[in-house]
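Peer 1: Enclosed is the structure file protein-v4.csv (CSV, C-alpha atoms and all ligand atoms).
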chain,number,residue,atom,x,y,z
A,1227,MET,CA,169.4,142.4,92.1
A,1228,LYS,CA,168.9,138.7,93.0
A,1229,TRP,CA,167.0,139.7,96.2
A,1230,LEU,CA,165.0,142.2,94.0
A,1231,ALA,CA,164.1,139.4,91.5
A,1232,ARG,CA,162.8,137.5,94.5
A,1233,ILE,CA,160.8,140.4,95.8
A,1234,LEU,CA,159.1,140.8,92.5
A,1235,HIS,CA,157.3,137.5,93.1
A,1236,ASN,CA,155.8,138.9,96.3
A,1237,LEU,CA,154.3,142.0,94.6
A,1238,ASN,CA,150.7,142.0,93.6
A,1239,THR,CA,148.8,143.9,90.9
A,1240,ASP,CA,148.0,146.9,93.2
A,1241,ASP,CA,151.7,147.1,94.2
A,1242,TYR,CA,152.7,147.4,90.6
A,1243,LYS,CA,149.9,150.0,89.9
A,1244,VAL,CA,151.3,152.2,92.6
A,1245,LEU,CA,154.9,151.8,91.3
A,1246,TYR,CA,153.8,152.8,87.8
A,1247,ALA,CA,151.8,155.7,89.2
A,1248,LEU,CA,154.9,156.9,91.1
A,1249,GLU,CA,157.1,156.5,87.9
A,1250,ASN,CA,154.6,158.7,86.1
A,1251,GLY,CA,154.1,161.2,88.8
A,1252,MET,CA,157.9,161.6,89.2
A,1253,LYS,CA,158.0,163.2,85.7
A,1254,THR,CA,156.5,166.3,87.4
A,1255,HIS,CA,157.1,165.8,91.2
A,1256,GLU,CA,160.2,165.1,93.1
A,1257,PHE,CA,158.0,163.4,95.7
A,1258,VAL,CA,154.5,162.4,94.5
A,1259,PRO,CA,151.7,163.4,96.9
A,1260,VAL,CA,149.8,160.4,98.4
A,1261,ASP,CA,146.6,162.2,97.5
A,1262,LEU,CA,147.5,162.3,93.9
A,1263,ILE,CA,148.4,158.6,93.8
A,1264,ALA,CA,145.1,157.7,95.4
A,1265,CYS,CA,143.1,159.9,93.1
A,1266,TYR,CA,145.0,158.7,90.0
A,1267,LEU,CA,144.4,155.0,90.9
A,1268,SER,CA,140.9,155.5,92.3
A,1269,LEU,CA,142.0,154.1,95.6
A,1270,ARG,CA,141.1,155.2,99.1
A,1271,LYS,CA,143.9,157.1,100.7
A,1272,GLU,CA,144.3,154.5,103.5
A,1273,ARG,CA,144.6,151.8,100.9
A,1274,ALA,CA,147.3,153.7,99.0
A,1275,LEU,CA,149.2,154.4,102.2
A,1276,SER,CA,149.1,150.8,103.2
A,1277,ILE,CA,150.5,149.7,99.8
A,1278,LEU,CA,153.2,152.4,100.0
A,1279,LYS,CA,154.2,151.2,103.5
A,1280,ARG,CA,154.7,147.7,102.1
A,1281,LEU,CA,156.7,149.0,99.2
A,1282,HIS,CA,158.8,151.1,101.6
A,1283,GLU,CA,159.6,147.9,103.6
A,1284,PHE,CA,160.8,146.4,100.4
A,1285,LYS,CA,163.0,149.5,99.9
A,1286,LEU,CA,161.3,150.3,96.6
A,1287,VAL,CA,160.1,153.7,97.6
A,1288,VAL,CA,161.1,156.5,100.0
A,1289,ARG,CA,158.9,159.0,101.8
A,1290,GLN,CA,159.1,162.7,102.6
A,1291,ILE,CA,156.9,164.3,105.2
A,1292,THR,CA,158.2,167.9,105.3
A,1293,ASN,CA,155.7,169.9,103.2
A,1294,TYR,CA,153.3,167.1,102.4
A,1295,VAL,CA,153.3,163.4,102.5
A,1296,GLY,CA,154.8,162.2,99.3
A,1297,TYR,CA,156.8,159.2,97.9
A,1298,ARG,CA,159.3,158.6,95.2
A,1299,LEU,CA,160.9,155.5,93.7
A,1300,THR,CA,164.3,154.4,94.9
A,1301,VAL,CA,166.9,153.0,92.5
A,1302,HIS,CA,165.5,149.6,93.5
A,1303,GLY,CA,162.0,150.7,92.6
A,1304,TYR,CA,163.1,151.6,89.1
A,1305,ASP,CA,165.1,148.4,88.8
A,1306,ALA,CA,161.9,146.5,89.8
A,1307,LEU,CA,159.9,148.0,87.0
A,1308,ALA,CA,162.6,147.3,84.4
A,1309,LEU,CA,163.1,143.7,85.7
A,1310,LYS,CA,159.3,143.1,85.5
A,1311,ALA,CA,159.3,144.3,81.9
A,1312,LEU,CA,162.3,141.9,81.2
A,1313,ALA,CA,160.5,139.0,82.8
A,1314,GLU,CA,157.2,139.7,81.0
A,1315,SER,CA,158.9,140.0,77.7
A,1316,GLY,CA,160.3,136.5,78.3
A,1317,VAL,CA,163.9,137.7,77.8
A,1318,ILE,CA,165.2,136.8,81.3
A,1319,GLU,CA,164.4,133.5,82.9
A,1320,PHE,CA,167.1,133.3,85.7
A,1321,PHE,CA,169.0,136.1,87.3
A,1322,GLY,CA,172.6,135.5,88.2
A,1323,SER,CA,175.3,137.4,90.1
A,1324,LYS,CA,177.0,140.7,89.6
A,1325,ILE,CA,179.9,140.3,87.1
A,1326,GLY,CA,181.0,143.9,86.8
A,1327,VAL,CA,180.8,147.2,88.5
A,1328,GLY,CA,181.6,150.1,86.2
A,1329,LYS,CA,181.8,153.7,87.2
A,1330,GLU,CA,178.3,154.2,85.9
A,1331,SER,CA,176.7,150.8,85.7
A,1332,ASP,CA,176.2,147.5,87.4
A,1333,VAL,CA,176.4,144.4,85.2
A,1334,TYR,CA,174.9,141.1,86.0
A,1335,GLU,CA,174.8,137.7,84.3
A,1336,ALA,CA,171.5,136.1,83.5
A,1337,LEU,CA,169.9,133.3,81.4
A,1338,THR,CA,167.2,133.8,78.7
A,1339,SER,CA,164.3,131.5,78.5
A,1340,SER,CA,166.1,129.6,75.7
A,1341,GLY,CA,169.1,129.1,78.1
A,1342,ARG,CA,171.4,131.7,76.5
A,1343,ARG,CA,173.8,133.5,78.7
A,1344,VAL,CA,173.4,137.2,78.7
A,1345,ALA,CA,174.8,140.3,80.4
A,1346,VAL,CA,172.3,142.7,82.0
A,1347,LYS,CA,173.7,146.2,82.3
A,1348,ALA,CA,171.9,148.6,84.6
A,1349,HIS,CA,173.0,152.2,83.7
A,1350,ARG,CA,173.6,154.3,86.8
A,1351,ILE,CA,174.7,157.6,85.3
A,1352,GLY,CA,175.8,160.2,87.8
A,1353,ARG,CA,176.6,157.7,90.5
A,1354,THR,CA,180.1,159.1,90.7
A,1355,SER,CA,179.8,162.7,89.6
A,1356,PHE,CA,177.4,164.7,87.5
A,1357,THR,CA,180.2,167.2,86.6
A,1358,HIS,CA,182.0,164.3,85.0
A,1359,VAL,CA,178.8,163.2,83.3
A,1360,ARG,CA,178.3,166.6,81.6
A,1361,ARG,CA,181.9,166.6,80.5
A,1362,VAL,CA,182.0,163.2,78.7
A,1363,ARG,CA,178.3,162.9,77.6
A,1364,ASN,CA,177.3,165.5,75.1
A,1365,TYR,CA,173.7,164.3,75.2
A,1366,VAL,CA,173.3,165.5,78.8
A,1367,LYS,CA,171.9,169.0,79.2
A,1368,ARG,CA,173.1,171.6,81.6
A,1369,GLY,CA,171.2,172.0,84.9
A,1370,VAL,CA,170.9,168.3,85.7
A,1371,THR,CA,170.7,167.3,89.4
A,1372,ARG,CA,171.2,164.1,91.3
A,1373,SER,CA,167.5,163.1,90.8
A,1374,SER,CA,168.0,163.3,87.0
A,1375,TRP,CA,170.0,160.0,87.1
A,1376,PHE,CA,167.0,158.0,85.9
A,1377,PRO,CA,166.0,159.8,82.6
A,1378,ILE,CA,169.7,160.2,81.8
A,1379,SER,CA,170.3,156.5,82.5
A,1380,CYS,CA,167.4,155.6,80.3
A,1381,LYS,CA,168.8,157.7,77.5
A,1382,SER,CA,172.2,156.2,78.0
A,1383,ALA,CA,170.8,152.6,77.8
A,1384,GLU,CA,168.8,153.5,74.7
A,1385,ARG,CA,171.9,155.0,73.0
A,1386,GLU,CA,174.0,152.0,73.8
A,1387,TYR,CA,171.3,149.6,72.5
A,1388,ILE,CA,170.9,151.5,69.2
A,1389,VAL,CA,174.6,151.9,68.5
A,1390,LEU,CA,175.3,148.2,69.4
A,1391,LYS,CA,172.6,147.2,66.9
A,1392,LYS,CA,174.3,149.3,64.2
A,1393,LEU,CA,177.8,148.1,65.0
A,1394,TYR,CA,176.9,144.4,65.5
A,1395,SER,CA,175.0,144.3,62.2
A,1396,ASN,CA,178.0,145.8,60.4
A,1397,GLY,CA,180.3,143.1,61.8
A,1398,VAL,CA,182.1,145.1,64.5
A,1399,ALA,CA,183.2,142.9,67.4
A,1400,VAL,CA,180.7,144.1,70.1
A,1401,PRO,CA,178.2,142.3,72.3
A,1402,GLU,CA,175.0,141.5,70.4
A,1403,PRO,CA,172.2,143.7,71.8
A,1404,VAL,CA,169.2,141.7,72.9
A,1405,TYR,CA,166.7,143.9,74.7
A,1406,TRP,CA,166.4,147.4,76.2
A,1407,ASN,CA,163.9,148.6,78.8
A,1408,ARG,CA,164.2,151.9,80.8
A,1409,HIS,CA,167.8,152.1,82.1
A,1410,ILE,CA,168.6,148.4,81.5
A,1411,LEU,CA,170.2,146.9,78.5
A,1412,VAL,CA,170.5,143.1,77.8
A,1413,MET,CA,173.3,141.9,75.5
A,1414,SER,CA,175.2,138.7,74.7
A,1415,PHE,CA,177.6,137.6,77.4
A,1416,ILE,CA,181.3,138.1,76.4
A,1417,GLU,CA,183.5,135.3,77.7
A,1418,GLY,CA,187.0,136.7,78.4
A,1419,GLU,CA,189.1,139.1,80.4
A,1420,GLU,CA,189.3,142.9,80.3
A,1421,LEU,CA,192.5,143.9,78.5
A,1422,VAL,CA,193.7,145.8,81.6
A,1423,ASN,CA,193.7,142.6,83.6
A,1424,CYS,CA,195.5,140.4,81.0
A,1425,LYS,CA,198.8,139.7,82.7
A,1426,PHE,CA,200.1,138.0,79.6
A,1427,LEU,CA,199.2,137.9,75.9
A,1428,PRO,CA,200.9,135.4,73.7
A,1429,GLU,CA,200.7,137.7,70.6
A,1430,PRO,CA,200.1,141.2,71.9
A,1431,TYR,CA,200.7,142.8,68.4
A,1432,ASP,CA,198.0,140.6,66.9
A,1433,ILE,CA,195.6,141.7,69.6
A,1434,LEU,CA,196.4,145.4,69.0
A,1435,GLU,CA,195.9,144.8,65.3
A,1436,LEU,CA,192.5,143.2,65.9
A,1437,ILE,CA,191.4,146.1,68.1
A,1438,LEU,CA,192.5,148.7,65.5
A,1439,GLU,CA,190.7,146.8,62.8
A,1440,ASN,CA,187.5,147.1,64.8
A,1441,VAL,CA,188.0,150.7,65.6
A,1442,LYS,CA,188.4,151.2,61.8
A,1443,LEU,CA,185.2,149.2,61.1
A,1444,ALA,CA,183.3,151.3,63.6
A,1445,TYR,CA,184.7,154.5,62.0
A,1446,GLN,CA,183.5,153.2,58.6
A,1447,CYS,CA,180.0,152.9,60.1
A,1448,GLY,CA,180.3,156.6,61.1
A,1449,ILE,CA,181.0,155.9,64.8
A,1450,VAL,CA,183.7,156.8,67.3
A,1451,HIS,CA,183.7,155.1,70.7
A,1452,GLY,CA,184.9,158.1,72.7
A,1453,ASP,CA,185.9,156.2,75.8
A,1454,LEU,CA,188.1,153.5,74.5
A,1455,SER,CA,191.0,152.2,76.6
A,1456,GLU,CA,192.3,148.9,78.1
A,1457,TYR,CA,189.2,149.0,80.4
A,1458,ASN,CA,186.7,148.8,77.6
A,1459,VAL,CA,188.3,146.0,75.6
A,1460,VAL,CA,187.6,142.3,76.4
A,1461,VAL,CA,190.0,139.7,75.2
A,1462,SER,CA,188.6,136.2,74.5
A,1463,PRO,CA,190.5,132.9,74.2
A,1464,GLU,CA,189.9,132.4,70.5
A,1465,PRO,CA,191.8,134.9,70.3
A,1466,ALA,CA,189.3,137.6,69.7
A,1467,VAL,CA,188.6,141.0,71.0
A,1468,PHE,CA,185.4,142.8,71.9
A,1469,LEU,CA,184.9,146.5,72.2
A,1470,ILE,CA,182.4,147.3,75.0
A,1471,ASP,CA,180.7,150.2,76.8
A,1472,TRP,CA,179.4,152.5,74.0
A,1473,PRO,CA,176.8,155.0,75.3
A,1474,GLN,CA,179.1,158.0,75.0
A,1475,TYR,CA,179.8,157.3,71.3
A,1476,VAL,CA,179.9,160.2,68.8
A,1477,LEU,CA,179.2,160.3,65.1
A,1478,VAL,CA,182.1,160.9,62.8
A,1479,ALA,CA,180.3,163.9,61.5
A,1480,ASN,CA,180.3,165.5,65.0
A,1481,ALA,CA,182.9,168.3,65.6
A,1482,SER,CA,184.5,166.5,68.6
A,1483,SER,CA,184.9,163.1,66.8
A,1484,ARG,CA,188.5,163.7,65.6
A,1485,TYR,CA,189.7,164.7,69.1
A,1486,LEU,CA,187.9,161.7,70.7
A,1487,LEU,CA,189.3,159.3,68.1
A,1488,GLU,CA,192.8,160.6,68.8
A,1489,ARG,CA,192.3,160.2,72.5
A,1490,ASP,CA,191.0,156.6,72.1
A,1491,LEU,CA,193.9,155.6,69.9
A,1492,HIS,CA,196.4,157.4,72.2
A,1493,ASN,CA,195.0,155.4,75.2
A,1494,LEU,CA,195.4,152.1,73.3
A,1495,ILE,CA,198.9,152.8,71.9
A,1496,SER,CA,200.2,154.0,75.3
A,1497,PHE,CA,198.8,150.8,77.0
A,1498,PHE,CA,200.5,148.5,74.5
A,1499,LYS,CA,203.8,150.4,74.7
A,1500,ARG,CA,203.8,150.5,78.5
A,1501,LYS,CA,202.8,146.8,79.0
A,1502,PHE,CA,204.2,145.0,75.9
A,1503,GLY,CA,206.8,147.4,74.5
A,1504,ILE,CA,205.0,147.8,71.2
A,1505,LYS,CA,205.7,151.2,69.5
A,1506,LEU,CA,203.2,152.6,67.1
A,1507,SER,CA,203.0,156.2,65.9
A,1508,LEU,CA,199.7,157.9,66.7
A,1509,SER,CA,199.6,159.8,63.4
A,1510,GLU,CA,200.1,156.6,61.3
A,1511,THR,CA,197.5,154.7,63.4
A,1512,LEU,CA,195.1,157.6,62.9
A,1513,GLU,CA,195.7,157.5,59.2
A,1514,TYR,CA,195.1,153.7,59.1
A,1515,VAL,CA,191.8,154.0,60.9
A,1516,THR,CA,190.5,157.0,58.9
A,1517,GLU,CA,191.7,156.0,55.4
A,1518,ASN,CA,189.2,154.3,53.1
A,1601,LIG,N1,178.5,141.9,77.4
A,1601,LIG,C1,179.2,141.7,78.5
A,1601,LIG,N2,179.6,140.4,78.8
A,1601,LIG,C2,180.4,140.2,79.9
A,1601,LIG,N3,180.8,141.1,80.8
A,1601,LIG,C3,180.5,142.4,80.5
A,1601,LIG,C4,179.7,142.8,79.4
A,1601,LIG,N4,179.5,144.1,79.4
A,1601,LIG,C5,180.1,144.6,80.5
A,1601,LIG,N5,180.7,143.6,81.2
A,1601,LIG,C6,181.5,143.7,82.4
A,1601,LIG,O1,181.0,144.8,83.2
A,1601,LIG,C7,182.0,145.8,83.3
A,1601,LIG,C8,181.4,147.2,83.2
A,1601,LIG,O2,180.8,147.3,82.0
A,1601,LIG,P1,180.9,148.7,81.1
A,1601,LIG,O3,182.3,149.0,80.9
A,1601,LIG,O4,180.0,148.5,79.9
A,1601,LIG,O5,180.3,149.7,82.2
A,1601,LIG,P2,180.6,151.2,82.7
A,1601,LIG,O6,180.0,151.4,84.0
A,1601,LIG,O7,180.2,152.1,81.6
A,1601,LIG,O8,182.2,151.1,82.8
A,1601,LIG,P3,183.2,152.3,83.1
A,1601,LIG,O9,183.7,152.0,84.5
A,1601,LIG,O10,184.2,152.0,82.0
A,1601,LIG,O11,182.5,153.6,82.9
A,1601,LIG,C9,183.0,145.5,82.2
A,1601,LIG,O12,184.3,146.0,82.5
A,1601,LIG,C10,183.0,144.0,82.1
A,1601,LIG,O13,183.8,143.4,83.1
A,1602,MG,MG,183.7,150.4,81.0
Rewrite the structure from the file as structure tokens, please.
Ligand SMILES: Nc1ncnc2c1ncn2[C@@H]1O[C@H](COP(=O)(O)OP(=O)(O)OP(=O)(O)O)[C@@H](O)[C@H]1O
Ligand SMILES: [Mg+2]

Peer 2:
Amino acid sequence: MKWLARILHNLNTDDYKVLYALENGMKTHEFVPVDLIACYLSLRKERALSILKRLHEFKLVVRQITNYVGYRLTVHGYDALALKALAESGVIEFFGSKIGVGKESDVYEALTSSGRRVAVKAHRIGRTSFTHVRRVRNYVKRGVTRSSWFPISCKSAEREYIVLKKLYSNGVAVPEPVYWNRHILVMSFIEGEELVNCKFLPEPYDILELILENVKLAYQCGIVHGDLSEYNVVVSPEPAVFLIDWPQYVLVANASSRYLLERDLHNLISFFKRKFGIKLSLSETLEYVTEN
């Protein structure tokens, strides 16, 4: 993304107009016809083609020439539009390096204009497998294809932003959501180590207790994580824990919430038993989390 942030400075107003026109056109076309782009922007076709050629060199668009000449945005093209929105909103001043690669996201560090360190999560749903996506994300409809990654990733980022707002304002230990645009979410940067990578914990029982307290707090807000495990818990030096990665959350009122809560707790209990020899019963833990 750093190279992309640099490219953004080289794009002019017409380049952006074409990118926006493509984004719009892709709601109805897999490849947007050049004639349509030219007509929509009141440009001569040659001018539209020369801009598209430039954008193609920057890897922001790709072309098809089978039935008609048409273009679509690449992942970088969508990233460029979201990054521009971030820059214009004044949220991001400096873009840093990649700090995490999840199955379905890329996470970067960045600085806000006030010098605050933030994490920028670009959702990339379906990067691994759409069959898996449909299984774990109940907000994804049947019949999605590979090209559906963008609207689904936007939905995913929106869901995560909204749920983080609710959890954070209710005191659950989660990153503070800062901004959301398209498929990109900006949140406070969490200093620490993923639980799965913690070779040693001085007080593992206290850490487990802290995690369960937060699962309970989220439950009291009416929310179940749904993908909780040692991979989605960050342990900070204080000591403190943070629960991350929430887009697949379900409401407690949802029929699947009990099953997902049990699975979350089972993952955590098994990890602490395997790694630190701590034995907790699933039924008692479940009772602790769900009792008032
Ligand atoms: N707010 C944050 N501050 C610091 N690092 C973060 C933050 N959010 C995410 N990360 C890092 O990025 C990684 C991937 O983030 P996250 O788990 O949210 O994405 P994901 O793609 O949904 O992951 P998964 O592989 O579990 O599906 C995390 O494991 C963590 O290392
Ligand atoms: Mg994760």

Peer 1: May I ask which of the residues A:Val1389, A:Leu1275, A:Leu1281, A:Val1460 is the closest one to ligand MG 1602 (chain A), counting all atoms listed in the file?

Peer 2: A:Val1460

Peer 1: Do a neighbour search on A:Arg1232 at 10 Å with all atoms listed in the file, toss out local chain neighbours closer than 5 positions, and write the hits as a PyMOL selection string.

Peer 2: chain A and resi 1227+1237+1321

Peer 1: Using only C-alpha atoms and all ligand atoms, which protein or nucleic acid residues are at most 7 Å from ligand MG 1602 (chain A), as a PyMOL selection string?

Peer 2: chain A and resi 1328+1457-1458+1470-1471

Peer 1: Looking at only C-alpha atoms and all ligand atoms, which of A:Leu1262, A:Val1461, A:Ala1383, A:Val1344 is the one that sits closest to ligand LIG 1601 (chain A)?

Peer 2: A:Val1344

Peer 1: Please identify every polymer residue within 10 Å of ligand LIG 1601 (chain A), using all atoms listed in the file, and present the set as a PyMOL selection string.

Peer 2: chain A and resi 1324-1335+1343-1351+1353-1354+1382+1386+1400-1403+1411-1423+1453-1460+1468-1474

Peer 1: Find the residues around stretch 1492-1496 of chain A up to 10 Å (all atoms listed in the file counted), leave out those fewer than 6 positions away in its own chain, and share them as a PDB file with C-alpha atoms, keeping the file's coordinate frame.

Peer 2:
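File produced: out-v7.pdb:
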ATOM      1  CA  LEU A1434     196.400 145.400  69.000  1.00  0.00           C
ATOM      2  CA  ILE A1437     191.400 146.100  68.100  1.00  0.00           C
ATOM      3  CA  LEU A1438     192.500 148.700  65.500  1.00  0.00           C
ATOM      4  CA  ASP A1453     185.900 156.200  75.800  1.00  0.00           C
ATOM      5  CA  LEU A1454     188.100 153.500  74.500  1.00  0.00           C
ATOM      6  CA  SER A1455     191.000 152.200  76.600  1.00  0.00           C
ATOM      7  CA  GLU A1456     192.300 148.900  78.100  1.00  0.00           C
ATOM      8  CA  TYR A1457     189.200 149.000  80.400  1.00  0.00           C
ATOM      9  CA  VAL A1459     188.300 146.000  75.600  1.00  0.00           C
ATOM     10  CA  LEU A1486     187.900 161.700  70.700  1.00  0.00           C
ATOM     11  CA  PHE A1502     204.200 145.000  75.900  1.00  0.00           C
ATOM     12  CA  GLY A1503     206.800 147.400  74.500  1.00  0.00           C
ATOM     13  CA  ILE A1504     205.000 147.800  71.200  1.00  0.00           C
ATOM     14  CA  LYS A1505     205.700 151.200  69.500  1.00  0.00           C
ATOM     15  CA  LEU A1506     203.200 152.600  67.100  1.00  0.00           C
ATOM     16  CA  SER A1507     203.000 156.200  65.900  1.00  0.00           C
ATOM     17  CA  LEU A1508     199.700 157.900  66.700  1.00  0.00           C
ATOM     18  CA  SER A1509     199.600 159.800  63.400  1.00  0.00           C
ATOM     19  CA  THR A1511     197.500 154.700  63.400  1.00  0.00           C
ATOM     20  CA  LEU A1512     195.100 157.600  62.900  1.00  0.00           C
TER      21      LEU A1512
END

Peer 1: What does the distance from atom CA of A:Leu1393 to atom CA of A:Ala1444 come to in Å, to one decimal?

Peer 2: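 Computing it gives 6.5 Å between the two atoms.
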
Peer 1: Rounded to one decimal in Å, what is the spacing between atom CA of A:Val1287 and atom CA of A:Thr1300?

Peer 2: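 Atom-to-atom, atom CA of A:Val1287 to atom CA of A:Thr1300, that is 5.0 Å.
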
Peer 1: Figure out the distance between atom CA of A:Ile1263 and atom CA of A:Ala1311, please, to one decimal in Å.

Peer 2: 21.6 Å

Peer 1: Could you name the residues that touch A:Arg1484 at 9 Å or less, counting all atoms listed in the file, but leaving out those on the same chain fewer than 5 positions away, as an MDAnalysis selection string?

Peer 2: chainID A and resid 1450 1478 1489

Peer 1: So which residues touch stretch 1250-1257 of chain A within 12 Å, counting all atoms listed in the file, skipping near sequence neighbours fewer than 2 positions away, as a compact mmCIF listing (two decimals) with C-alpha atoms, keeping the file's coordinate frame?

Peer 2:
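Contents of out18.txt, as written:
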# COMPACT_ATOMS: atom_id res chain seq x y z
CA LYS A 1243 149.90 150.00 89.90
CA VAL A 1244 151.30 152.20 92.60
CA LEU A 1245 154.90 151.80 91.30
CA TYR A 1246 153.80 152.80 87.80
CA ALA A 1247 151.80 155.70 89.20
CA LEU A 1248 154.90 156.90 91.10
CA PRO A 1259 151.70 163.40 96.90
CA VAL A 1260 149.80 160.40 98.40
CA ASP A 1261 146.60 162.20 97.50
CA LEU A 1262 147.50 162.30 93.90
CA ILE A 1263 148.40 158.60 93.80
CA ALA A 1264 145.10 157.70 95.40
CA CYS A 1265 143.10 159.90 93.10
CA TYR A 1266 145.00 158.70 90.00
CA LEU A 1267 144.40 155.00 90.90
CA VAL A 1287 160.10 153.70 97.60
CA VAL A 1288 161.10 156.50 100.00
CA ARG A 1289 158.90 159.00 101.80
CA GLN A 1290 159.10 162.70 102.60
CA ILE A 1291 156.90 164.30 105.20
CA THR A 1292 158.20 167.90 105.30
CA ASN A 1293 155.70 169.90 103.20
CA TYR A 1294 153.30 167.10 102.40
CA VAL A 1295 153.30 163.40 102.50
CA GLY A 1296 154.80 162.20 99.30
CA TYR A 1297 156.80 159.20 97.90
CA ARG A 1298 159.30 158.60 95.20
CA LEU A 1299 160.90 155.50 93.70
CA THR A 1300 164.30 154.40 94.90
CA TYR A 1304 163.10 151.60 89.10
CA LEU A 1307 159.90 148.00 87.00
CA THR A 1371 170.70 167.30 89.40
CA ARG A 1372 171.20 164.10 91.30
CA SER A 1373 167.50 163.10 90.80
CA SER A 1374 168.00 163.30 87.00
CA PHE A 1376 167.00 158.00 85.90
CA PRO A 1377 166.00 159.80 82.60
